[in-house]
>>> print(open('coords14.json').read())   # JSON, C-alpha atoms
[["chain", "number", "residue", "atom", "x", "y", "z"],
["A", 1, "MET", "CA", 0.04, -40.55, -14.81],
["A", 2, "ARG", "CA", -0.78, -39.35, -11.29],
["A", 3, "ARG", "CA", -0.51, -35.59, -10.91],
["A", 4, "GLN", "CA", 1.71, -34.41, -8.07],
["A", 5, "ASN", "CA", 0.10, -32.09, -5.58],
["A", 6, "HIS", "CA", 1.43, -28.83, -4.23],
["A", 7, "SER", "CA", 3.06, -30.55, -1.25],
["A", 8, "SER", "CA", 5.81, -31.75, -3.62],
["A", 9, "VAL", "CA", 6.97, -28.13, -3.93],
["A", 10, "PHE", "CA", 8.93, -27.27, -0.79],
["A", 11, "GLU", "CA", 10.37, -24.00, -2.05],
["A", 12, "PHE", "CA", 10.16, -21.49, -4.87],
["A", 13, "ILE", "CA", 12.97, -19.72, -6.74],
["A", 14, "LEU", "CA", 12.53, -15.95, -7.15],
["A", 15, "LEU", "CA", 14.15, -14.89, -10.43],
["A", 16, "GLY", "CA", 13.99, -11.12, -9.81],
["A", 17, "PHE", "CA", 15.91, -9.13, -12.43],
["A", 18, "SER", "CA", 18.33, -12.00, -13.21],
["A", 19, "ASN", "CA", 18.20, -11.00, -16.93],
["A", 20, "TYR", "CA", 20.06, -7.79, -16.02],
["A", 21, "PRO", "CA", 23.00, -8.86, -13.79],
["A", 22, "GLU", "CA", 24.93, -5.66, -14.60],
["A", 23, "LEU", "CA", 22.13, -3.52, -13.07],
["A", 24, "GLN", "CA", 21.58, -5.50, -9.87],
["A", 25, "GLY", "CA", 24.19, -3.56, -7.84],
["A", 26, "GLN", "CA", 22.65, -0.18, -8.72],
["A", 27, "MET", "CA", 19.14, -1.51, -8.08],
["A", 28, "PHE", "CA", 20.22, -2.87, -4.68],
["A", 29, "GLY", "CA", 21.60, 0.57, -3.71],
["A", 30, "ALA", "CA", 18.50, 2.42, -4.93],
["A", 31, "PHE", "CA", 16.03, 0.05, -3.23],
["A", 32, "LEU", "CA", 18.01, 0.11, 0.03],
["A", 33, "VAL", "CA", 17.94, 3.95, 0.12],
["A", 34, "ILE", "CA", 14.20, 3.95, -0.73],
["A", 35, "TYR", "CA", 13.52, 1.44, 2.07],
["A", 36, "LEU", "CA", 15.54, 3.35, 4.70],
["A", 37, "VAL", "CA", 13.88, 6.69, 3.79],
["A", 38, "THR", "CA", 10.44, 5.00, 3.82],
["A", 39, "VAL", "CA", 11.02, 3.47, 7.27],
["A", 40, "LEU", "CA", 12.40, 6.74, 8.68],
["A", 41, "GLY", "CA", 9.65, 8.93, 7.20],
["A", 42, "ASN", "CA", 6.78, 6.73, 8.35],
["A", 43, "ALA", "CA", 8.32, 6.05, 11.77],
["A", 44, "ILE", "CA", 8.69, 9.81, 12.37],
["A", 45, "ILE", "CA", 5.00, 10.39, 11.51],
["A", 46, "ILE", "CA", 3.82, 7.56, 13.81],
["A", 47, "THR", "CA", 5.99, 8.85, 16.69],
["A", 48, "ILE", "CA", 5.10, 12.55, 16.32],
["A", 49, "ILE", "CA", 1.35, 11.90, 16.19],
["A", 50, "PHE", "CA", 1.66, 9.54, 19.19],
["A", 51, "LEU", "CA", 3.57, 12.11, 21.27],
["A", 52, "ASP", "CA", 1.67, 15.30, 20.33],
["A", 53, "GLN", "CA", -1.77, 15.40, 21.98],
["A", 54, "SER", "CA", -2.94, 18.23, 19.70],
["A", 55, "LEU", "CA", -2.68, 15.85, 16.72],
["A", 56, "HIS", "CA", -5.04, 13.28, 18.26],
["A", 57, "ILE", "CA", -7.83, 14.16, 15.83],
["A", 58, "PRO", "CA", -9.22, 11.94, 13.01],
["A", 59, "MET", "CA", -7.19, 13.52, 10.18],
["A", 60, "TYR", "CA", -3.85, 12.76, 11.86],
["A", 61, "LEU", "CA", -4.92, 9.46, 13.41],
["A", 62, "PHE", "CA", -5.88, 8.25, 9.91],
["A", 63, "LEU", "CA", -2.45, 9.39, 8.75],
["A", 64, "GLN", "CA", -0.82, 7.48, 11.62],
["A", 65, "ASN", "CA", -2.64, 4.31, 10.55],
["A", 66, "LEU", "CA", -1.60, 4.89, 6.92],
["A", 67, "SER", "CA", 2.04, 5.30, 7.99],
["A", 68, "LEU", "CA", 1.86, 2.08, 10.02],
["A", 69, "VAL", "CA", 0.43, 0.22, 7.00],
["A", 70, "ASP", "CA", 3.09, 1.69, 4.67],
["A", 71, "LEU", "CA", 5.89, 0.84, 7.11],
["A", 72, "CYS", "CA", 4.71, -2.77, 7.41],
["A", 73, "PHE", "CA", 3.95, -3.05, 3.66],
["A", 74, "SER", "CA", 7.47, -1.94, 2.77],
["A", 75, "THR", "CA", 9.08, -4.18, 5.42],
["A", 76, "VAL", "CA", 7.25, -7.28, 4.15],
["A", 77, "ILE", "CA", 8.51, -6.69, 0.58],
["A", 78, "THR", "CA", 11.76, -4.71, 0.33],
["A", 79, "PRO", "CA", 14.13, -6.87, 2.47],
["A", 80, "GLU", "CA", 13.13, -9.87, 0.31],
["A", 81, "ILE", "CA", 13.84, -7.86, -2.87],
["A", 82, "LEU", "CA", 17.30, -6.95, -1.50],
["A", 83, "VAL", "CA", 18.02, -10.64, -0.84],
["A", 84, "VAL", "CA", 16.89, -11.56, -4.38],
["A", 85, "LEU", "CA", 19.16, -8.88, -5.89],
["A", 86, "THR", "CA", 22.23, -10.12, -4.00],
["A", 87, "SER", "CA", 21.70, -13.89, -4.45],
["A", 88, "GLU", "CA", 22.62, -16.02, -7.44],
["A", 89, "LYS", "CA", 19.69, -18.27, -6.63],
["A", 90, "ALA", "CA", 17.16, -16.71, -4.26],
["A", 91, "THR", "CA", 14.80, -19.27, -2.76],
["A", 92, "ILE", "CA", 11.77, -18.90, -0.51],
["A", 93, "SER", "CA", 10.01, -21.77, 1.25],
["A", 94, "PHE", "CA", 6.42, -22.70, 0.39],
["A", 95, "GLY", "CA", 5.31, -21.49, 3.85],
["A", 96, "GLY", "CA", 7.43, -18.33, 3.59],
["A", 97, "CYS", "CA", 5.84, -17.51, 0.24],
["A", 98, "PHE", "CA", 2.36, -18.00, 1.76],
["A", 99, "VAL", "CA", 3.18, -15.68, 4.69],
["A", 100, "GLN", "CA", 4.66, -12.98, 2.43],
["A", 101, "MET", "CA", 1.68, -13.05, 0.06],
["A", 102, "TYR", "CA", -0.71, -12.93, 3.03],
["A", 103, "PHE", "CA", 0.83, -9.77, 4.46],
["A", 104, "ILE", "CA", 1.24, -8.07, 1.07],
["A", 105, "LEU", "CA", -2.49, -8.51, 0.45],
["A", 106, "LEU", "CA", -3.38, -7.56, 4.05],
["A", 107, "PHE", "CA", -1.48, -4.27, 4.04],
["A", 108, "GLY", "CA", -2.33, -3.50, 0.40],
["A", 109, "GLY", "CA", -6.07, -4.13, 0.94],
["A", 110, "THR", "CA", -6.12, -2.18, 4.21],
["A", 111, "GLU", "CA", -4.40, 0.78, 2.51],
["A", 112, "CYS", "CA", -7.08, 0.77, -0.21],
["A", 113, "PHE", "CA", -9.82, 1.20, 2.39],
["A", 114, "LEU", "CA", -7.82, 3.65, 4.54],
["A", 115, "LEU", "CA", -7.16, 6.01, 1.61],
["A", 116, "GLY", "CA", -10.92, 5.97, 0.90],
["A", 117, "ALA", "CA", -11.70, 6.79, 4.56],
["A", 118, "MET", "CA", -9.12, 9.62, 4.54],
["A", 119, "ALA", "CA", -10.68, 11.16, 1.42],
["A", 120, "TYR", "CA", -14.12, 11.03, 3.10],
["A", 121, "ASP", "CA", -12.63, 12.70, 6.20],
["A", 122, "ARG", "CA", -11.18, 15.57, 4.07],
["A", 123, "PHE", "CA", -14.49, 15.90, 2.19],
["A", 124, "ALA", "CA", -16.41, 16.20, 5.48],
["A", 125, "ALA", "CA", -13.90, 18.73, 6.90],
["A", 126, "ILE", "CA", -13.80, 21.00, 3.81],
["A", 127, "CYS", "CA", -17.37, 20.73, 2.50],
["A", 128, "HIS", "CA", -19.18, 20.52, 5.86],
["A", 129, "PRO", "CA", -16.90, 22.33, 8.35],
["A", 130, "LEU", "CA", -19.66, 23.23, 10.85],
["A", 131, "SER", "CA", -21.04, 19.70, 11.16],
["A", 132, "TYR", "CA", -17.61, 17.99, 10.79],
["A", 133, "PRO", "CA", -17.18, 17.23, 14.54],
["A", 134, "VAL", "CA", -20.49, 15.33, 14.43],
["A", 135, "ILE", "CA", -19.90, 13.61, 11.05],
["A", 136, "MET", "CA", -16.38, 12.46, 12.00],
["A", 137, "ASN", "CA", -16.63, 11.84, 15.74],
["A", 138, "LYS", "CA", -14.40, 9.36, 17.59],
["A", 139, "SER", "CA", -16.88, 6.51, 17.15],
["A", 140, "VAL", "CA", -17.10, 6.98, 13.35],
["A", 141, "PHE", "CA", -13.29, 7.21, 13.12],
["A", 142, "VAL", "CA", -12.82, 3.94, 15.07],
["A", 143, "LYS", "CA", -15.44, 2.17, 12.93],
["A", 144, "LEU", "CA", -13.79, 3.29, 9.67],
["A", 145, "VAL", "CA", -10.33, 2.17, 10.82],
["A", 146, "MET", "CA", -11.67, -1.16, 12.13],
["A", 147, "PHE", "CA", -13.57, -1.69, 8.86],
["A", 148, "SER", "CA", -10.35, -1.07, 6.88],
["A", 149, "TRP", "CA", -8.31, -3.61, 8.87],
["A", 150, "VAL", "CA", -11.06, -6.26, 9.19],
["A", 151, "SER", "CA", -12.01, -6.06, 5.47],
["A", 152, "GLY", "CA", -8.33, -6.33, 4.52],
["A", 153, "THR", "CA", -7.92, -9.40, 6.76],
["A", 154, "MET", "CA", -11.04, -11.19, 5.44],
["A", 155, "MET", "CA", -10.14, -10.62, 1.78],
["A", 156, "THR", "CA", -6.54, -11.67, 2.39],
["A", 157, "THR", "CA", -7.36, -14.90, 4.23],
["A", 158, "LEU", "CA", -9.68, -16.09, 1.45],
["A", 159, "GLN", "CA", -7.39, -15.13, -1.44],
["A", 160, "THR", "CA", -4.11, -16.47, -0.03],
["A", 161, "THR", "CA", -5.65, -19.76, 1.10],
["A", 162, "TRP", "CA", -7.23, -20.22, -2.33],
["A", 163, "VAL", "CA", -3.99, -19.49, -4.24],
["A", 164, "PHE", "CA", -2.01, -22.01, -2.18],
["A", 165, "SER", "CA", -4.71, -24.70, -2.50],
["A", 166, "PHE", "CA", -3.78, -25.12, -6.19],
["A", 167, "PRO", "CA", -1.37, -27.90, -7.21],
["A", 168, "TYR", "CA", 2.03, -26.58, -8.31],
["A", 169, "CYS", "CA", 3.58, -29.86, -9.54],
["A", 170, "ASP", "CA", 7.27, -29.24, -10.27],
["A", 171, "HIS", "CA", 6.90, -25.58, -11.23],
["A", 172, "LYS", "CA", 9.23, -23.66, -8.93],
["A", 173, "GLU", "CA", 10.54, -20.55, -10.70],
["A", 174, "ILE", "CA", 8.59, -17.36, -9.87],
["A", 175, "ASN", "CA", 9.53, -14.70, -12.42],
["A", 176, "HIS", "CA", 9.17, -11.89, -9.92],
["A", 177, "LEU", "CA", 10.90, -10.12, -7.01],
["A", 178, "PHE", "CA", 8.58, -11.41, -4.29],
["A", 179, "CYS", "CA", 5.56, -13.69, -3.74],
["A", 180, "GLU", "CA", 2.75, -11.71, -5.34],
["A", 181, "THR", "CA", -0.47, -13.42, -6.42],
["A", 182, "PRO", "CA", -0.27, -13.08, -10.26],
["A", 183, "PRO", "CA", 3.27, -14.53, -10.79],
["A", 184, "VAL", "CA", 2.65, -17.36, -8.29],
["A", 185, "LEU", "CA", -0.69, -18.17, -9.92],
["A", 186, "GLU", "CA", 1.04, -18.60, -13.29],
["A", 187, "LEU", "CA", 2.82, -21.68, -11.87],
["A", 188, "ALA", "CA", -0.40, -23.47, -10.89],
["A", 189, "CYS", "CA", -0.97, -26.64, -12.91],
["A", 190, "ALA", "CA", -4.78, -26.49, -12.59],
["A", 191, "ASP", "CA", -7.70, -24.52, -13.97],
["A", 192, "THR", "CA", -7.68, -21.13, -12.20],
["A", 193, "PHE", "CA", -10.61, -19.58, -14.08],
["A", 194, "LEU", "CA", -12.91, -19.36, -11.02],
["A", 195, "PHE", "CA", -10.15, -17.71, -8.99],
["A", 196, "GLU", "CA", -9.52, -15.20, -11.79],
["A", 197, "VAL", "CA", -13.24, -14.28, -11.77],
["A", 198, "TYR", "CA", -13.03, -13.84, -7.98],
["A", 199, "ALA", "CA", -9.80, -11.77, -8.32],
["A", 200, "PHE", "CA", -11.44, -9.51, -10.91],
["A", 201, "THR", "CA", -14.57, -9.01, -8.74],
["A", 202, "GLY", "CA", -12.49, -8.55, -5.58],
["A", 203, "THR", "CA", -10.26, -5.96, -7.24],
["A", 204, "ILE", "CA", -13.32, -4.01, -8.41],
["A", 205, "LEU", "CA", -14.67, -3.94, -4.84],
["A", 206, "ILE", "CA", -11.40, -3.38, -2.97],
["A", 207, "VAL", "CA", -9.51, -1.15, -5.41],
["A", 208, "MET", "CA", -11.89, 0.47, -7.90],
["A", 209, "VAL", "CA", -14.80, 1.30, -5.54],
["A", 210, "PRO", "CA", -12.63, 3.19, -2.97],
["A", 211, "PHE", "CA", -10.79, 4.89, -5.86],
["A", 212, "LEU", "CA", -14.07, 6.12, -7.38],
["A", 213, "LEU", "CA", -15.24, 7.32, -3.95],
["A", 214, "ILE", "CA", -11.94, 9.22, -3.57],
["A", 215, "LEU", "CA", -12.40, 10.85, -6.99],
["A", 216, "LEU", "CA", -15.98, 11.79, -6.06],
["A", 217, "SER", "CA", -14.83, 13.25, -2.70],
["A", 218, "TYR", "CA", -12.08, 15.30, -4.35],
["A", 219, "THR", "CA", -14.46, 16.54, -7.07],
["A", 220, "ARG", "CA", -16.73, 17.90, -4.33],
["A", 221, "ILE", "CA", -13.69, 19.33, -2.50],
["A", 222, "LEU", "CA", -12.49, 21.09, -5.68],
["A", 223, "PHE", "CA", -15.91, 22.71, -6.15],
["A", 224, "ALA", "CA", -15.74, 23.90, -2.52],
["A", 225, "ILE", "CA", -12.21, 25.28, -3.12],
["A", 226, "LEU", "CA", -13.39, 27.24, -6.19],
["A", 227, "LYS", "CA", -15.81, 29.12, -3.95],
["A", 228, "MET", "CA", -13.00, 30.28, -1.64],
["A", 229, "PRO", "CA", -12.53, 34.08, -1.67],
["A", 230, "SER", "CA", -8.73, 33.96, -1.17],
["A", 231, "THR", "CA", -6.57, 33.22, -4.26],
["A", 232, "THR", "CA", -3.69, 32.05, -2.03],
["A", 233, "GLY", "CA", -6.05, 29.70, -0.16],
["A", 234, "ARG", "CA", -7.33, 28.30, -3.47],
["A", 235, "GLN", "CA", -3.80, 27.70, -4.79],
["A", 236, "LYS", "CA", -2.69, 25.96, -1.60],
["A", 237, "ALA", "CA", -5.80, 23.76, -1.51],
["A", 238, "PHE", "CA", -5.41, 22.88, -5.22],
["A", 239, "SER", "CA", -1.75, 21.99, -4.64],
["A", 240, "THR", "CA", -2.64, 19.73, -1.68],
["A", 241, "CYS", "CA", -5.47, 17.98, -3.59],
["A", 242, "ALA", "CA", -3.26, 17.48, -6.66],
["A", 243, "SER", "CA", -0.47, 15.85, -4.60],
["A", 244, "HIS", "CA", -2.97, 13.59, -2.79],
["A", 245, "LEU", "CA", -4.56, 12.53, -6.09],
["A", 246, "THR", "CA", -1.13, 11.83, -7.63],
["A", 247, "SER", "CA", -0.26, 9.41, -4.81],
["A", 248, "VAL", "CA", -3.70, 7.80, -4.87],
["A", 249, "THR", "CA", -3.69, 7.36, -8.69],
["A", 250, "LEU", "CA", -0.22, 5.80, -8.62],
["A", 251, "PHE", "CA", -1.27, 3.31, -5.93],
["A", 252, "TYR", "CA", -4.73, 2.37, -7.22],
["A", 253, "GLY", "CA", -3.75, 2.51, -10.91],
["A", 254, "THR", "CA", -0.81, 0.10, -10.74],
["A", 255, "ALA", "CA", -2.55, -2.16, -8.17],
["A", 256, "SER", "CA", -5.69, -2.48, -10.33],
["A", 257, "ILE", "CA", -3.66, -3.26, -13.49],
["A", 258, "THR", "CA", -1.78, -5.95, -11.52],
["A", 259, "TYR", "CA", -4.82, -7.61, -9.93],
["A", 260, "LEU", "CA", -7.71, -7.12, -12.38],
["A", 261, "GLN", "CA", -6.13, -9.70, -14.70],
["A", 262, "PRO", "CA", -3.85, -11.99, -12.68],
["A", 263, "LYS", "CA", -2.77, -13.75, -15.89],
["A", 264, "SER", "CA", -2.43, -10.66, -18.08],
["A", 265, "ARG", "CA", -0.22, -10.58, -21.18],
["A", 266, "TYR", "CA", 2.14, -7.86, -19.97],
["A", 267, "SER", "CA", 5.81, -8.85, -20.09],
["A", 268, "PRO", "CA", 7.29, -10.09, -16.77],
["A", 269, "ASP", "CA", 9.53, -7.01, -16.54],
["A", 270, "THR", "CA", 6.54, -4.67, -17.01],
["A", 271, "LYS", "CA", 4.68, -6.54, -14.25],
["A", 272, "LYS", "CA", 7.69, -6.18, -11.93],
["A", 273, "LEU", "CA", 7.89, -2.42, -12.55],
["A", 274, "MET", "CA", 4.14, -1.98, -11.94],
["A", 275, "SER", "CA", 4.44, -3.92, -8.67],
["A", 276, "LEU", "CA", 7.39, -1.77, -7.58],
["A", 277, "ALA", "CA", 5.35, 1.39, -8.30],
["A", 278, "TYR", "CA", 2.71, 0.62, -5.67],
["A", 279, "THR", "CA", 4.82, -1.40, -3.21],
["A", 280, "LEU", "CA", 7.93, 0.83, -3.07],
["A", 281, "LEU", "CA", 7.04, 4.30, -4.38],
["A", 282, "THR", "CA", 3.69, 4.83, -2.62],
["A", 283, "PRO", "CA", 5.01, 4.12, 0.93],
["A", 284, "LEU", "CA", 7.96, 6.43, 0.11],
["A", 285, "LEU", "CA", 5.82, 9.30, -1.24],
["A", 286, "ASN", "CA", 2.96, 9.22, 1.29],
["A", 287, "PRO", "CA", 4.93, 10.76, 4.21],
["A", 288, "VAL", "CA", 6.08, 13.61, 1.94],
["A", 289, "ILE", "CA", 2.67, 14.21, 0.35],
["A", 290, "TYR", "CA", 0.51, 13.93, 3.47],
["A", 291, "SER", "CA", 2.84, 15.33, 6.13],
["A", 292, "LEU", "CA", 5.77, 17.48, 5.08],
["A", 293, "ARG", "CA", 3.36, 19.81, 3.24],
["A", 294, "ASN", "CA", 1.27, 20.10, 6.41],
["A", 295, "LYS", "CA", 1.77, 23.09, 8.75],
["A", 296, "GLU", "CA", 0.56, 21.27, 11.85],
["A", 297, "MET", "CA", 2.95, 18.37, 11.28],
["A", 298, "LYS", "CA", 5.87, 20.75, 10.71],
["A", 299, "ARG", "CA", 4.95, 22.63, 13.90],
["A", 300, "ALA", "CA", 4.82, 19.34, 15.85],
["A", 301, "VAL", "CA", 8.26, 18.32, 14.53],
["A", 302, "VAL", "CA", 9.77, 21.68, 15.54],
["A", 303, "LYS", "CA", 8.10, 21.50, 18.98],
["A", 304, "LEU", "CA", 9.43, 17.97, 19.56],
["A", 305, "TRP", "CA", 12.92, 18.97, 18.42],
["A", 306, "GLN", "CA", 12.95, 22.04, 20.70],
["A", 307, "ARG", "CA", 11.84, 19.88, 23.65],
["A", 308, "LYS", "CA", 14.67, 17.44, 22.92],
["A", 309, "VAL", "CA", 17.24, 20.27, 22.68],
["A", 310, "THR", "CA", 15.95, 21.78, 25.95],
["A", 311, "LEU", "CA", 16.30, 18.41, 27.74],
["A", 312, "HIS", "CA", 19.88, 18.01, 26.50],
["A", 313, "THR", "CA", 20.96, 21.55, 27.39],
["A", 314, "GLY", "CA", 19.01, 21.72, 30.63]]
>>> encode(input="coords14.json", output="structure tokens")
Amino acid sequence: MRRQNHSSVFEFILLGFSNYPELQGQMFGAFLVIYLVTVLGNAIIITIIFLDQSLHIPMYLFLQNLSLVDLCFSTVITPEILVVLTSEKATISFGGCFVQMYFILLFGGTECFLLGAMAYDRFAAICHPLSYPVIMNKSVFVKLVMFSWVSGTMMTTLQTTWVFSFPYCDHKEINHLFCETPPVLELACADTFLFEVYAFTGTILIVMVPFLLILLSYTRILFAILKMPSTTGRQKAFSTCASHLTSVTLFYGTASITYLQPKSRYSPDTKKLMSLAYTLLTPLLNPVIYSLRNKEMKRAVVKLWQRKVTLHTG
């Protein structure tokens, strides 16, 4: 019998959390609040850094890029999740699924590299303060940001094109909240072994290598902190490093579990929760962890607010 090719599948059905209809209303409310707070938090960071000239230094420009990635990452995923939670039968076209997967991988991959670059920037600033302006000059900053975006784009183009080159026959039901590689790949009616080898290797390079570099950078930073004479300074630096590492571990940990074994034996609900951890929680937490604990950012917010009040009362 002739096997149908993928062109026979015009749309996919996203099952979401259809096993728990009684929880869908609460989940919709929670995810909507998370999305709105994520958009607001990241938009504020992008705007403040853009408007305040004193923040146009690598540390904050990296943060601005991270906020842009998080804002886009969340926008590609969360509105689709909200549609799935409010529909009896949520469908997404073959092309729509391709586009969503492409941008999920693009922003996810770019974030992996950006977090690595940000850790290197902090390492250079804390461990080599005198030579920091030379180590992290404008040219190096631009190259690191460009590398993050270009690497993310190259990896994404190859992976998404490969996933959608497989035949899907009549398999339409994606047991997930959005078009992520592992649940879509499970529907392929072809041998995906070579792709799984590529996915494993790619995840090691894109996720594990930056994560290890971050851990190495923070180890060096912690040793530098221990040499600080001020106890208050040590406590503050430890607190900042711990919060950064928490966010980074959540993002890299759940992303690596998801992508190292695209056809892993975890239950579908476990896979959904792991995906939500790095696609919803990380973009929500990053503005709090990297900005609201930062004196310069708080000062810039106050300055901007005072300027706005002065304009209105003047």
>>> residues_near_point(input="coords14.json", point="(-6.4, 18.7, -1.7)", cutoff="9 Å", atoms="only C-alpha atoms", output="ChimeraX atom specification")
/A:122,218,221-222,225,236-245
>>> residues_around(input="coords14.json", residues="region 173-177 of chain A", least_positions_apart="6", cutoff="8 Å", atoms="all atoms listed in the file", output="PyMOL selection string")
chain A and resi 12-17+80-81+84+183-184+187+268+272
>>> residues_around(input="coords14.json", residues="region 102-110 of chain A", least_positions_apart="3", cutoff="9 Å", atoms="all atoms listed in the file", output="count of residues only")
37
>>> closest_residue(input="coords14.json", among="A:Phe251, A:Tyr60, A:Phe211, A:Tyr259", to="Leu185 (chain A)", atoms="all atoms listed in the file")
A:Tyr259
>>> atom_distance(input="coords14.json", atom1="CA of Phe10 (chain A)", atom2="CA of Ser93 (chain A)")
6.0 Å
>>> residues_around(input="coords14.json", residues="Ile135 (chain A)", least_positions_apart="5", cutoff="10 Å", atoms="all atoms listed in the file", output="list in words")
Asp121, Ala124, Ala125, His128, Pro129, Leu130, Val140 and Phe141 of chain A
>>> atom_distance(input="coords14.json", atom1="CA of Leu85 (chain A)", atom2="CA of Phe28 (chain A)")
6.2 Å
>>> closest_residue(input="coords14.json", among="A:Ser217, A:Asn286, A:Gln26, A:Ser230", to="Thr86 (chain A)", atoms="all atoms listed in the file")
A:Gln26
>>> closest_residue(input="coords14.json", among="A:Asn294, A:Ser131, A:Thr78, A:Ser256", to="Val33 (chain A)", atoms="all atoms listed in the file")
A:Thr78
>>> closest_residue(input="coords14.json", among="A:Met101, A:Leu82, A:Val197, A:Ile204", to="Val163 (chain A)", atoms="all atoms listed in the file")
A:Met101
>>> decode(input="coords14.json", residues="region 184-198 of chain A", atoms="N, CA, C and O atoms", output="PDB file, in the first residue's frame")
ATOM      1  N   VAL A 184       5.567  16.682  18.283  1.00  0.00           N
ATOM      2  CA  VAL A 184       5.286  16.614  16.834  1.00  0.00           C
ATOM      3  C   VAL A 184       6.021  15.427  16.224  1.00  0.00           C
ATOM      4  O   VAL A 184       5.466  14.684  15.413  1.00  0.00           O
ATOM      5  N   LEU A 185       7.260  15.232  16.653  1.00  0.00           N
ATOM      6  CA  LEU A 185       8.086  14.141  16.126  1.00  0.00           C
ATOM      7  C   LEU A 185       7.467  12.769  16.394  1.00  0.00           C
ATOM      8  O   LEU A 185       7.622  11.839  15.596  1.00  0.00           O
ATOM      9  N   GLU A 186       6.748  12.645  17.502  1.00  0.00           N
ATOM     10  CA  GLU A 186       6.112  11.372  17.849  1.00  0.00           C
ATOM     11  C   GLU A 186       5.061  10.948  16.825  1.00  0.00           C
ATOM     12  O   GLU A 186       4.702   9.769  16.740  1.00  0.00           O
ATOM     13  N   LEU A 187       4.564  11.902  16.027  1.00  0.00           N
ATOM     14  CA  LEU A 187       3.537  11.598  15.023  1.00  0.00           C
ATOM     15  C   LEU A 187       4.132  11.138  13.695  1.00  0.00           C
ATOM     16  O   LEU A 187       3.408  10.645  12.834  1.00  0.00           O
ATOM     17  N   ALA A 188       5.437  11.330  13.523  1.00  0.00           N
ATOM     18  CA  ALA A 188       6.074  10.981  12.241  1.00  0.00           C
ATOM     19  C   ALA A 188       5.992   9.474  11.980  1.00  0.00           C
ATOM     20  O   ALA A 188       6.315   8.678  12.863  1.00  0.00           O
ATOM     21  N   CYS A 189       5.547   9.110  10.782  1.00  0.00           N
ATOM     22  CA  CYS A 189       5.484   7.680  10.444  1.00  0.00           C
ATOM     23  C   CYS A 189       6.690   7.335   9.567  1.00  0.00           C
ATOM     24  O   CYS A 189       6.562   6.938   8.401  1.00  0.00           O
ATOM     25  N   ALA A 190       7.885   7.549  10.135  1.00  0.00           N
ATOM     26  CA  ALA A 190       9.154   7.249   9.461  1.00  0.00           C
ATOM     27  C   ALA A 190      10.217   7.070  10.528  1.00  0.00           C
ATOM     28  O   ALA A 190      10.011   7.402  11.693  1.00  0.00           O
ATOM     29  N   ASP A 191      11.357   6.529  10.118  1.00  0.00           N
ATOM     30  CA  ASP A 191      12.460   6.330  11.056  1.00  0.00           C
ATOM     31  C   ASP A 191      13.113   7.682  11.361  1.00  0.00           C
ATOM     32  O   ASP A 191      13.619   8.353  10.463  1.00  0.00           O
ATOM     33  N   THR A 192      13.081   8.082  12.634  1.00  0.00           N
ATOM     34  CA  THR A 192      13.624   9.394  13.027  1.00  0.00           C
ATOM     35  C   THR A 192      14.935   9.266  13.797  1.00  0.00           C
ATOM     36  O   THR A 192      15.364  10.211  14.452  1.00  0.00           O
ATOM     37  N   PHE A 193      15.582   8.102  13.712  1.00  0.00           N
ATOM     38  CA  PHE A 193      16.781   7.849  14.515  1.00  0.00           C
ATOM     39  C   PHE A 193      17.876   8.887  14.250  1.00  0.00           C
ATOM     40  O   PHE A 193      18.472   9.434  15.184  1.00  0.00           O
ATOM     41  N   LEU A 194      18.148   9.178  12.968  1.00  0.00           N
ATOM     42  CA  LEU A 194      19.208  10.143  12.627  1.00  0.00           C
ATOM     43  C   LEU A 194      18.898  11.514  13.206  1.00  0.00           C
ATOM     44  O   LEU A 194      19.788  12.198  13.722  1.00  0.00           O
ATOM     45  N   PHE A 195      17.632  11.910  13.129  1.00  0.00           N
ATOM     46  CA  PHE A 195      17.247  13.212  13.691  1.00  0.00           C
ATOM     47  C   PHE A 195      17.445  13.218  15.200  1.00  0.00           C
ATOM     48  O   PHE A 195      17.892  14.217  15.763  1.00  0.00           O
ATOM     49  N   GLU A 196      17.119  12.109  15.866  1.00  0.00           N
ATOM     50  CA  GLU A 196      17.275  12.032  17.320  1.00  0.00           C
ATOM     51  C   GLU A 196      18.744  12.144  17.721  1.00  0.00           C
ATOM     52  O   GLU A 196      19.071  12.753  18.738  1.00  0.00           O
ATOM     53  N   VAL A 197      19.642  11.563  16.906  1.00  0.00           N
ATOM     54  CA  VAL A 197      21.088  11.693  17.153  1.00  0.00           C
ATOM     55  C   VAL A 197      21.496  13.160  17.011  1.00  0.00           C
ATOM     56  O   VAL A 197      22.223  13.704  17.845  1.00  0.00           O
ATOM     57  N   TYR A 198      20.972  13.809  15.937  1.00  0.00           N
ATOM     58  CA  TYR A 198      21.258  15.235  15.721  1.00  0.00           C
ATOM     59  C   TYR A 198      20.720  16.072  16.885  1.00  0.00           C
ATOM     60  O   TYR A 198      21.400  16.972  17.392  1.00  0.00           O
TER      61      TYR A 198
END
